[in-house]
$ cat input-v2.pdb   # PDB, C-alpha atoms
ATOM      1  CA  MET A 233      74.795 149.435 182.597
ATOM      2  CA  ARG A 234      76.184 150.740 185.874
ATOM      3  CA  HIS A 235      79.666 149.496 184.981
ATOM      4  CA  ALA A 236      79.479 151.197 181.588
ATOM      5  CA  LEU A 237      78.576 154.517 183.212
ATOM      6  CA  LEU A 238      81.469 154.181 185.666
ATOM      7  CA  LEU A 239      83.860 153.432 182.788
ATOM      8  CA  ILE A 240      82.664 156.460 180.813
ATOM      9  CA  ALA A 241      82.990 158.702 183.874
ATOM     10  CA  ALA A 242      86.512 157.388 184.545
ATOM     11  CA  LEU A 243      87.562 158.073 180.939
ATOM     12  CA  LEU A 244      86.170 161.599 181.052
ATOM     13  CA  PHE A 245      88.105 162.425 184.206
ATOM     14  CA  ALA A 246      91.268 160.772 182.871
ATOM     15  CA  ALA A 247      91.234 162.827 179.647
ATOM     16  CA  PRO A 248      94.116 165.302 179.390
ATOM     17  CA  ALA A 249      93.453 168.961 180.044
ATOM     18  CA  SER A 250      92.990 171.295 177.115
ATOM     19  CA  ALA A 251      96.221 172.310 175.376
ATOM     20  CA  GLU A 252      95.060 175.914 175.611
ATOM     21  CA  GLU A 253      95.637 176.344 179.341
ATOM     22  CA  TYR A 254      98.148 179.143 179.010
ATOM     23  CA  GLU A 255     100.039 180.975 181.666
ATOM     24  CA  LYS A 256     100.693 184.669 181.116
ATOM     25  CA  GLY A 257     104.401 185.231 180.458
ATOM     26  CA  PRO A 258     106.565 187.948 182.025
ATOM     27  CA  ASN A 259     106.273 189.976 178.793
ATOM     28  CA  GLY A 260     102.513 189.478 178.447
ATOM     29  CA  GLY A 261     102.658 186.629 175.939
ATOM     30  CA  LEU A 262     101.104 183.177 176.003
ATOM     31  CA  MET A 263     103.287 180.683 177.880
ATOM     32  CA  LEU A 264     103.410 176.876 177.856
ATOM     33  CA  ASP A 265     105.794 174.248 179.203
ATOM     34  CA  VAL A 266     107.964 172.571 176.568
ATOM     35  CA  ALA A 267     111.222 170.598 176.798
ATOM     36  CA  GLY A 268     111.746 171.508 180.451
ATOM     37  CA  ILE A 269     111.338 175.278 180.068
ATOM     38  CA  ASP A 270     108.485 177.775 180.020
ATOM     39  CA  ALA A 271     108.208 179.099 176.456
ATOM     40  CA  GLU A 272     106.543 182.488 176.025
ATOM     41  CA  LEU A 273     105.155 183.306 172.564
ATOM     42  CA  LEU A 274     105.153 186.903 171.347
ATOM     43  CA  THR A 275     104.263 188.075 167.841
ATOM     44  CA  SER A 276     104.515 191.495 166.243
ATOM     45  CA  GLY A 277     103.850 191.987 162.546
ATOM     46  CA  ASN A 278     105.861 189.238 160.821
ATOM     47  CA  THR A 279     108.114 188.527 163.820
ATOM     48  CA  VAL A 280     107.741 185.458 166.029
ATOM     49  CA  THR A 281     109.620 185.523 169.349
ATOM     50  CA  ILE A 282     109.913 182.729 171.893
ATOM     51  CA  ASN A 283     111.331 183.711 175.286
ATOM     52  CA  ALA A 284     112.680 180.922 177.518
ATOM     53  CA  PHE A 285     112.275 180.879 181.303
ATOM     54  CA  VAL A 286     112.896 178.543 184.219
ATOM     55  CA  PRO A 287     109.536 176.829 184.841
ATOM     56  CA  ASN A 288     107.169 178.805 187.086
ATOM     57  CA  THR A 289     109.596 181.736 187.477
ATOM     58  CA  PRO A 290     110.476 184.873 185.501
ATOM     59  CA  LYS A 291     114.172 183.800 185.511
ATOM     60  CA  PRO A 292     115.548 183.730 181.919
ATOM     61  CA  VAL A 293     117.111 180.603 180.430
ATOM     62  CA  SER A 294     119.930 181.031 177.912
ATOM     63  CA  THR A 295     118.903 179.896 174.420
ATOM     64  CA  LYS A 296     122.500 179.402 173.267
ATOM     65  CA  GLY A 297     122.628 176.071 171.431
ATOM     66  CA  TYR A 298     118.838 175.820 171.038
ATOM     67  CA  THR A 299     117.195 174.950 167.738
ATOM     68  CA  ALA A 300     113.560 175.749 167.064
ATOM     69  CA  ALA A 301     110.938 176.280 164.408
ATOM     70  CA  VAL A 302     107.283 177.223 164.358
ATOM     71  CA  LEU A 303     104.521 176.117 162.030
ATOM     72  CA  ILE A 304     102.014 178.924 161.534
ATOM     73  CA  ALA A 305      98.663 177.594 160.296
ATOM     74  CA  GLY A 306      95.609 179.702 159.621
ATOM     75  CA  GLY A 307      93.537 181.478 156.993
ATOM     76  CA  ASN A 308      96.598 182.366 154.863
ATOM     77  CA  GLY A 309      97.724 178.724 154.699
ATOM     78  CA  ARG A 310     100.748 177.224 156.409
ATOM     79  CA  GLU A 311     104.275 178.495 156.859
ATOM     80  CA  THR A 312     107.285 177.090 158.686
ATOM     81  CA  VAL A 313     109.626 179.655 160.248
ATOM     82  CA  THR A 314     113.071 178.760 161.620
ATOM     83  CA  LEU A 315     113.888 180.509 164.896
ATOM     84  CA  THR A 316     117.430 181.473 165.861
ATOM     85  CA  PRO A 317     118.825 182.521 169.251
ATOM     86  CA  GLN A 318     118.683 186.296 169.805
ATOM     87  CA  GLY A 319     119.846 188.030 172.977
ATOM     88  CA  GLU A 320     119.999 186.256 176.322
ATOM     89  CA  ASN A 321     116.849 184.134 176.333
ATOM     90  CA  SER A 322     115.034 184.610 173.017
ATOM     91  CA  LEU A 323     114.549 182.788 169.738
ATOM     92  CA  LYS A 324     113.282 184.852 166.784
ATOM     93  CA  GLY A 325     112.185 184.381 163.215
ATOM     94  CA  GLU A 326     110.421 186.278 160.439
ATOM     95  CA  ALA A 327     107.315 185.014 158.650
ATOM     96  CA  LYS A 328     106.589 186.026 155.057
ATOM     97  CA  ASN A 329     103.255 187.599 156.035
ATOM     98  CA  PRO A 330     101.956 189.375 159.150
ATOM     99  CA  ILE A 331     100.762 186.903 161.777
ATOM    100  CA  ALA A 332      96.996 187.221 162.062
ATOM    101  CA  ALA A 333      94.814 186.651 165.108
ATOM    102  CA  GLY A 334      93.273 183.200 165.271
ATOM    103  CA  VAL A 335      96.213 181.283 163.799
ATOM    104  CA  THR A 336      97.670 178.195 165.423
ATOM    105  CA  ILE A 337     101.408 178.325 166.069
ATOM    106  CA  THR A 338     103.111 175.009 166.776
ATOM    107  CA  LEU A 339     106.560 175.309 168.341
ATOM    108  CA  THR A 340     109.132 172.537 167.952
ATOM    109  CA  LEU A 341     112.116 173.085 170.248
ATOM    110  CA  LYS A 342     115.375 171.316 171.096
ATOM    111  CA  THR A 343     117.463 172.581 174.010
ATOM    112  CA  ALA A 344     121.267 172.667 174.187
ATOM    113  CA  GLU A 345     121.016 169.666 176.554
ATOM    114  CA  GLY A 346     119.154 167.651 173.905
ATOM    115  CA  LYS A 347     115.651 167.799 175.399
ATOM    116  CA  SER A 348     113.000 168.280 172.758
ATOM    117  CA  GLY A 349     109.299 168.917 172.657
ATOM    118  CA  GLN A 350     106.361 170.632 171.014
ATOM    119  CA  ALA A 351     103.789 173.148 172.168
ATOM    120  CA  LYS A 352     100.716 174.410 170.338
ATOM    121  CA  PHE A 353      99.589 177.999 170.795
ATOM    122  CA  LYS A 354      96.263 179.352 169.541
ATOM    123  CA  LYS A 355      96.778 183.089 169.003
TER     124      LYS A 355
END

$ encode --input "input-v2.pdb" --output "structure tokens"
Amino acid sequence: MRHALLLIAALLFAAPASAEEYEKGPNGGLMLDVAGIDAELLTSGNTVTINAFVPNTPKPVSTKGYTAAVLIAGGNGRETVTLTPQGENSLKGEAKNPIAAGVTITLTLKTAEGKSGQAKFKK
């Protein structure tokens, strides 16, 4: 019994942290690490913007050569939006409908160097 309790305790402490441990981005958005960058999510109306930064700094990372898409899932169903580089360090795309509070936005990103990854944001 004692060994079982130790095993359960070890598994609980070894469990990964919640995916919703966001940092606050330089522009006030939710920020997570993905593909070697800090990705900041901003939404306004139908627009989805991802800003790219050097990890743990407000220094912008050029998004030239990046490819990305987001899957927006919530009460209105699911929609995939392709993001394209805009400006120095941003990727933007337009959803068909306004992005409501409470949706989950899953970012899939590939950098110009070929690193790829995913991050899940709960808005």

$ residues_around --input "input-v2.pdb" --residues "Glu326 (chain A)" --least-positions-apart "6" --cutoff "7 Å" --atoms "all atoms listed in the file" --output "short mmCIF file (atom, residue, chain, number, x, y, z; two decimals) with C-alpha atoms, in the coordinates of the input"
data_model
loop_
_atom_site.label_atom_id
_atom_site.label_comp_id
_atom_site.auth_asym_id
_atom_site.auth_seq_id
_atom_site.Cartn_x
_atom_site.Cartn_y
_atom_site.Cartn_z
CA ASN A 278 105.86 189.24 160.82
CA THR A 279 108.11 188.53 163.82
CA VAL A 280 107.74 185.46 166.03
CA VAL A 313 109.63 179.66 160.25
#

$ residues_near_point --input "input-v2.pdb" --point "(105.2, 189.6, 177.5)" --cutoff "7 Å" --atoms "only C-alpha atoms" --output "number ranges by chain"
A: 257-261, 274

$ residues_around --input "input-v2.pdb" --residues "Thr289 (chain A)" --least-positions-apart "4" --cutoff "12 Å" --atoms "only C-alpha atoms" --output "PDB file with C-alpha atoms, keeping the file's coordinate frame"
ATOM      1  CA  GLU A 255     100.039 180.975 181.666  1.00  0.00           C
ATOM      2  CA  LYS A 256     100.693 184.669 181.116  1.00  0.00           C
ATOM      3  CA  GLY A 257     104.401 185.231 180.458  1.00  0.00           C
ATOM      4  CA  PRO A 258     106.565 187.948 182.025  1.00  0.00           C
ATOM      5  CA  MET A 263     103.287 180.683 177.880  1.00  0.00           C
ATOM      6  CA  ASP A 265     105.794 174.248 179.203  1.00  0.00           C
ATOM      7  CA  ILE A 269     111.338 175.278 180.068  1.00  0.00           C
ATOM      8  CA  ASP A 270     108.485 177.775 180.020  1.00  0.00           C
ATOM      9  CA  ALA A 271     108.208 179.099 176.456  1.00  0.00           C
ATOM     10  CA  GLU A 272     106.543 182.488 176.025  1.00  0.00           C
ATOM     11  CA  ALA A 284     112.680 180.922 177.518  1.00  0.00           C
ATOM     12  CA  PHE A 285     112.275 180.879 181.303  1.00  0.00           C
ATOM     13  CA  VAL A 293     117.111 180.603 180.430  1.00  0.00           C
TER      14      VAL A 293
END

$ residues_near_point --input "input-v2.pdb" --point "(107.5, 178.4, 166.3)" --cutoff "10 Å" --atoms "only C-alpha atoms" --output "ChimeraX atom specification"
/A:273,280-282,300-304,311-315,323-325,336-341,350-353

$ residues_around --input "input-v2.pdb" --residues "Thr299 (chain A)" --least-positions-apart "3" --cutoff "7 Å" --atoms "all atoms listed in the file" --output "number ranges by chain"
A: 316, 341-343

$ atom_distance --input "input-v2.pdb" --atom1 "CA of Lys355 (chain A)" --atom2 "CA of Ala305 (chain A)"
10.5 Å

$ resolve_selection --input "input-v2.pdb" --expression "the PyMOL selection byres ((chain A and resi 321) around 6)" --output "JSON, numbers by chain"
{"A": [283, 284, 292, 293, 294, 295, 319, 320, 322]}

$ write_last_selection --input "input-v2.pdb" --atoms "C-alpha atoms" --output "mmCIF file, keeping the file's coordinate frame"
data_model
loop_
_atom_site.group_PDB
_atom_site.id
_atom_site.type_symbol
_atom_site.label_atom_id
_atom_site.label_comp_id
_atom_site.auth_asym_id
_atom_site.auth_seq_id
_atom_site.Cartn_x
_atom_site.Cartn_y
_atom_site.Cartn_z
ATOM 1 C CA ASN A 283 111.331 183.711 175.286
ATOM 2 C CA ALA A 284 112.680 180.922 177.518
ATOM 3 C CA PRO A 292 115.548 183.730 181.919
ATOM 4 C CA VAL A 293 117.111 180.603 180.430
ATOM 5 C CA SER A 294 119.930 181.031 177.912
ATOM 6 C CA THR A 295 118.903 179.896 174.420
ATOM 7 C CA GLY A 319 119.846 188.030 172.977
ATOM 8 C CA GLU A 320 119.999 186.256 176.322
ATOM 9 C CA SER A 322 115.034 184.610 173.017
#

$ closest_residue --input "input-v2.pdb" --among "A:Val266, A:Tyr254, A:Ser276, A:Ala333" --to "Gly306 (chain A)" --atoms "all atoms listed in the file"
A:Ala333

$ resolve_selection --input "input-v2.pdb" --expression "the PyMOL selection byres ((chain A and resi 330) around 7)" --output "PyMOL selection string"
chain A and resi 277-278+327+329+331-332

$ axis_aligned_box --input "input-v2.pdb" --around "region 292-304 of chain A" --padding-each-side "5 Å" --output "AutoDock Vina command-line options"
--center_x 112.3 --center_y 179.3 --center_z 171.7 --size_x 30.6 --size_y 18.8 --size_z 30.4

$ atom_distance --input "input-v2.pdb" --atom1 "CA of Lys291 (chain A)" --atom2 "CA of Lys347 (chain A)"
19.0 Å

$ closest_residue --input "input-v2.pdb" --among "A:Pro317, A:Ser348, A:Val286, A:Arg310" --to "Val335 (chain A)" --atoms "only C-alpha atoms"
A:Arg310

$ atom_distance --input "input-v2.pdb" --atom1 "CA of Gly297 (chain A)" --atom2 "CA of Glu345 (chain A)"
8.4 Å

$ closest_residue --input "input-v2.pdb" --among "A:Asn288, A:Lys296, A:Lys354, A:Glu253" --to "Gly268 (chain A)" --atoms "only C-alpha atoms"
A:Asn288

$ closest_residue --input "input-v2.pdb" --among "A:Lys328, A:Gly307, A:Ala267, A:Leu262" --to "Gly349 (chain A)" --atoms "only C-alpha atoms"
A:Ala267
